Amino acid sequence: MANYGLDTGKIQNNALETFMSDILQNIPENDPLRNPEKKKLIDQILEANRERPGATMVVLNEMQKEIGFVSEAMQAYTAKELKVPLSSVHGVVSFYSFFTTTPRGRHVIKFCMGTACYVGGTPQLIEKARQLLGIDVGQTTKDGAITLEVCRCVGACSQAPVMVMDEEVVGRVRPNKLPQSIRALQD
C-alpha cells in the first residue's frame, strides 16, 4: 500500500495534538480546571508526581481521589503537563473501572455482577433501584445524592446478591429491602 510520501504517524500525532488543543481551549464552565482552587490542587498533584515512575497512573489516582473524577479536559491537561500522549492517559482512565469521567453522587451504590450475584438476583435489584431513583446505572440523581454503578465480583459470593454502598458490602439483598437501604443514604 503506497503512502505517497506521507508520514502517517506524524499526521496522527498532529491530529491528536489538535484534538487535545481543542479540548483545552473549550473547557466546560463546570470543569474542575475552571475552578481556581481545584486547578491549584491538580497542579500540585502534577508537580509532586511528574518525575515518579508510572507518573500517569499516580497522577490520575490522586486526581480521582481528590477531585472525585477525571474529566476529558483533565485528561488532556494531564497529557500536556506530563508530556505523554493523550491516548495513553485516556487508555488508563477507560481501562480501570475505578476511574470515572463524570462526578459521582455523594453516595455510590455498586451492584455486583459476579456470577453468584447475577444468578442470585442482581438484575432485579438494579431494576428496583432504577424504579426508586429514576436513574439508570452509570447515572447520578438530579440532587447529586446517589450514583448507581455495577462492578465485578467483590468476593462475597456466599452472601449473594451483594451490593456495595459507600464502600460497605451489603449481602443477601432482596428487592423488597432495597428501599430502606436507599432511604438510609438519602437521610
# chains A, B, ... in the order shown; residues from 1 in each chain; ligands from 1
call {"tool": "residues_around", "arguments": {"residues": "stretch 32-39 of chain A", "least_positions_apart": "6", "cutoff": "8 Å", "atoms": "only C-alpha atoms", "output": "ChimeraX atom specification"}}
result
/A:67,73-74
call {"tool": "residues_around", "arguments": {"residues": "stretch 161-176 of chain A", "least_positions_apart": "5", "cutoff": "12 Å", "atoms": "only C-alpha atoms", "output": "VMD selection string"}}
result
chain A and resid 104 to 132 145 to 156 181 to 182 184 to 185
call {"tool": "write_last_selection", "arguments": {"atoms": "C-alpha atoms", "output": "short mmCIF file (atom, residue, chain, number, x, y, z; two decimals), in the first residue's frame"}}
result
data_model
loop_
_atom_site.label_atom_id
_atom_site.label_comp_id
_atom_site.auth_asym_id
_atom_site.auth_seq_id
_atom_site.Cartn_x
_atom_site.Cartn_y
_atom_site.Cartn_z
CA ARG A 104 -20.32 10.77 41.26
CA GLY A 105 -23.02 11.36 43.81
CA ARG A 106 -22.30 11.85 47.50
CA HIS A 107 -23.21 8.18 47.83
CA VAL A 108 -22.40 5.36 45.40
CA ILE A 109 -24.30 2.10 45.17
CA LYS A 110 -22.47 -0.61 43.23
CA PHE A 111 -24.24 -3.80 42.25
CA CYS A 112 -22.05 -6.89 41.99
CA MET A 113 -22.34 -8.56 38.61
CA GLY A 114 -20.28 -11.63 39.50
CA THR A 115 -21.85 -14.95 38.58
CA ALA A 116 -23.23 -15.81 42.03
CA CYS A 117 -24.73 -12.34 42.47
CA TYR A 118 -26.11 -12.20 38.96
CA VAL A 119 -27.81 -15.57 39.33
CA GLY A 120 -28.87 -14.60 42.87
CA GLY A 121 -30.86 -11.58 41.75
CA THR A 122 -28.69 -8.56 40.93
CA PRO A 123 -30.70 -7.72 37.77
CA GLN A 124 -33.87 -7.45 39.88
CA LEU A 125 -32.07 -5.24 42.40
CA ILE A 126 -30.87 -2.94 39.65
CA GLU A 127 -34.38 -2.69 38.22
CA LYS A 128 -35.80 -1.86 41.67
CA ALA A 129 -33.13 0.82 42.22
CA ARG A 130 -33.88 2.30 38.79
CA GLN A 131 -37.58 2.49 39.69
CA LEU A 132 -36.92 4.03 43.09
CA ALA A 145 -27.11 12.31 46.19
CA ILE A 146 -26.75 8.83 44.68
CA THR A 147 -24.90 7.25 41.77
CA LEU A 148 -25.69 3.72 40.56
CA GLU A 149 -22.86 1.56 39.24
CA VAL A 150 -22.11 -2.07 38.54
CA CYS A 151 -18.90 -3.83 39.49
CA ARG A 152 -17.29 -7.20 39.04
CA CYS A 153 -17.08 -9.80 41.79
CA VAL A 154 -16.43 -8.29 45.22
CA GLY A 155 -15.51 -11.65 46.77
CA ALA A 156 -18.60 -12.10 48.93
CA SER A 181 -31.28 0.91 52.33
CA ILE A 182 -31.67 3.71 49.81
CA ALA A 184 -30.86 5.48 54.80
CA LEU A 185 -28.48 7.08 52.28
#
call {"tool": "atom_distance", "arguments": {"atom1": "atom CA of A:Val70", "atom2": "atom CA of A:Thr102"}}
result
7.0 Å
call {"tool": "residues_around", "arguments": {"residues": "stretch 49-62 of chain A", "least_positions_apart": "6", "cutoff": "8 Å", "atoms": "only C-alpha atoms", "output": "VMD selection string"}}
result
chain A and resid 70 78 82 89 92 to 93 99
call {"tool": "select_by_dssp", "arguments": {"residues": "stretch 12-165 of chain A", "states": "strand (DSSP E)", "output": "list in words"}}
result
His107, Val108, Ile109, Lys110, Phe111, Cys112, Ile146, Thr147, Leu148, Glu149, Val150, Cys151, Met163, Val164 and Met165 of chain A
call {"tool": "write_last_selection", "arguments": {"atoms": "N, CA and C atoms", "output": "short mmCIF file (atom, residue, chain, number, x, y, z; two decimals), in the first residue's frame"}}
result
data_model
loop_
_atom_site.label_atom_id
_atom_site.label_comp_id
_atom_site.auth_asym_id
_atom_site.auth_seq_id
_atom_site.Cartn_x
_atom_site.Cartn_y
_atom_site.Cartn_z
N HIS A 107 -23.16 9.60 47.49
CA HIS A 107 -23.21 8.18 47.83
C HIS A 107 -23.18 7.37 46.54
N VAL A 108 -22.49 6.23 46.56
CA VAL A 108 -22.40 5.36 45.40
C VAL A 108 -22.89 3.97 45.79
N ILE A 109 -23.82 3.47 44.99
CA ILE A 109 -24.30 2.10 45.17
C ILE A 109 -23.79 1.30 43.98
N LYS A 110 -23.00 0.26 44.28
CA LYS A 110 -22.47 -0.61 43.23
C LYS A 110 -23.12 -1.98 43.38
N PHE A 111 -23.63 -2.48 42.27
CA PHE A 111 -24.24 -3.80 42.25
C PHE A 111 -23.25 -4.79 41.69
N CYS A 112 -22.98 -5.86 42.44
CA CYS A 112 -22.05 -6.89 41.99
C CYS A 112 -22.66 -7.68 40.86
N ILE A 146 -27.06 10.25 44.87
CA ILE A 146 -26.75 8.83 44.68
C ILE A 146 -26.38 8.54 43.23
N THR A 147 -25.32 7.75 43.06
CA THR A 147 -24.90 7.25 41.77
C THR A 147 -25.05 5.74 41.79
N LEU A 148 -25.58 5.18 40.70
CA LEU A 148 -25.69 3.72 40.56
C LEU A 148 -24.59 3.23 39.64
N GLU A 149 -23.92 2.16 40.05
CA GLU A 149 -22.86 1.56 39.24
C GLU A 149 -22.95 0.05 39.34
N VAL A 150 -22.29 -0.63 38.43
CA VAL A 150 -22.11 -2.07 38.54
C VAL A 150 -20.62 -2.33 38.72
N CYS A 151 -20.30 -3.46 39.31
CA CYS A 151 -18.90 -3.83 39.49
C CYS A 151 -18.77 -5.33 39.30
N MET A 163 -24.39 -5.85 47.17
CA MET A 163 -24.17 -4.50 46.67
C MET A 163 -23.18 -3.82 47.61
N VAL A 164 -22.50 -2.83 47.09
CA VAL A 164 -21.55 -2.07 47.90
C VAL A 164 -22.09 -0.66 47.99
N MET A 165 -22.36 -0.24 49.22
CA MET A 165 -22.89 1.11 49.45
C MET A 165 -21.82 1.91 50.16
#
call {"tool": "atom_distance", "arguments": {"atom1": "atom CA of A:Phe95", "atom2": "atom CA of A:Asp22"}}
result
23.6 Å
call {"tool": "atom_distance", "arguments": {"atom1": "atom CA of A:Glu17", "atom2": "atom CA of A:Leu86"}}
result
8.4 Å
call {"tool": "select_by_dssp", "arguments": {"residues": "stretch 34-86 of chain A", "states": "helix (DSSP H, G or I)", "output": "PyMOL selection string"}}
result
chain A and resi 34+36-49+55-67+72-82+86
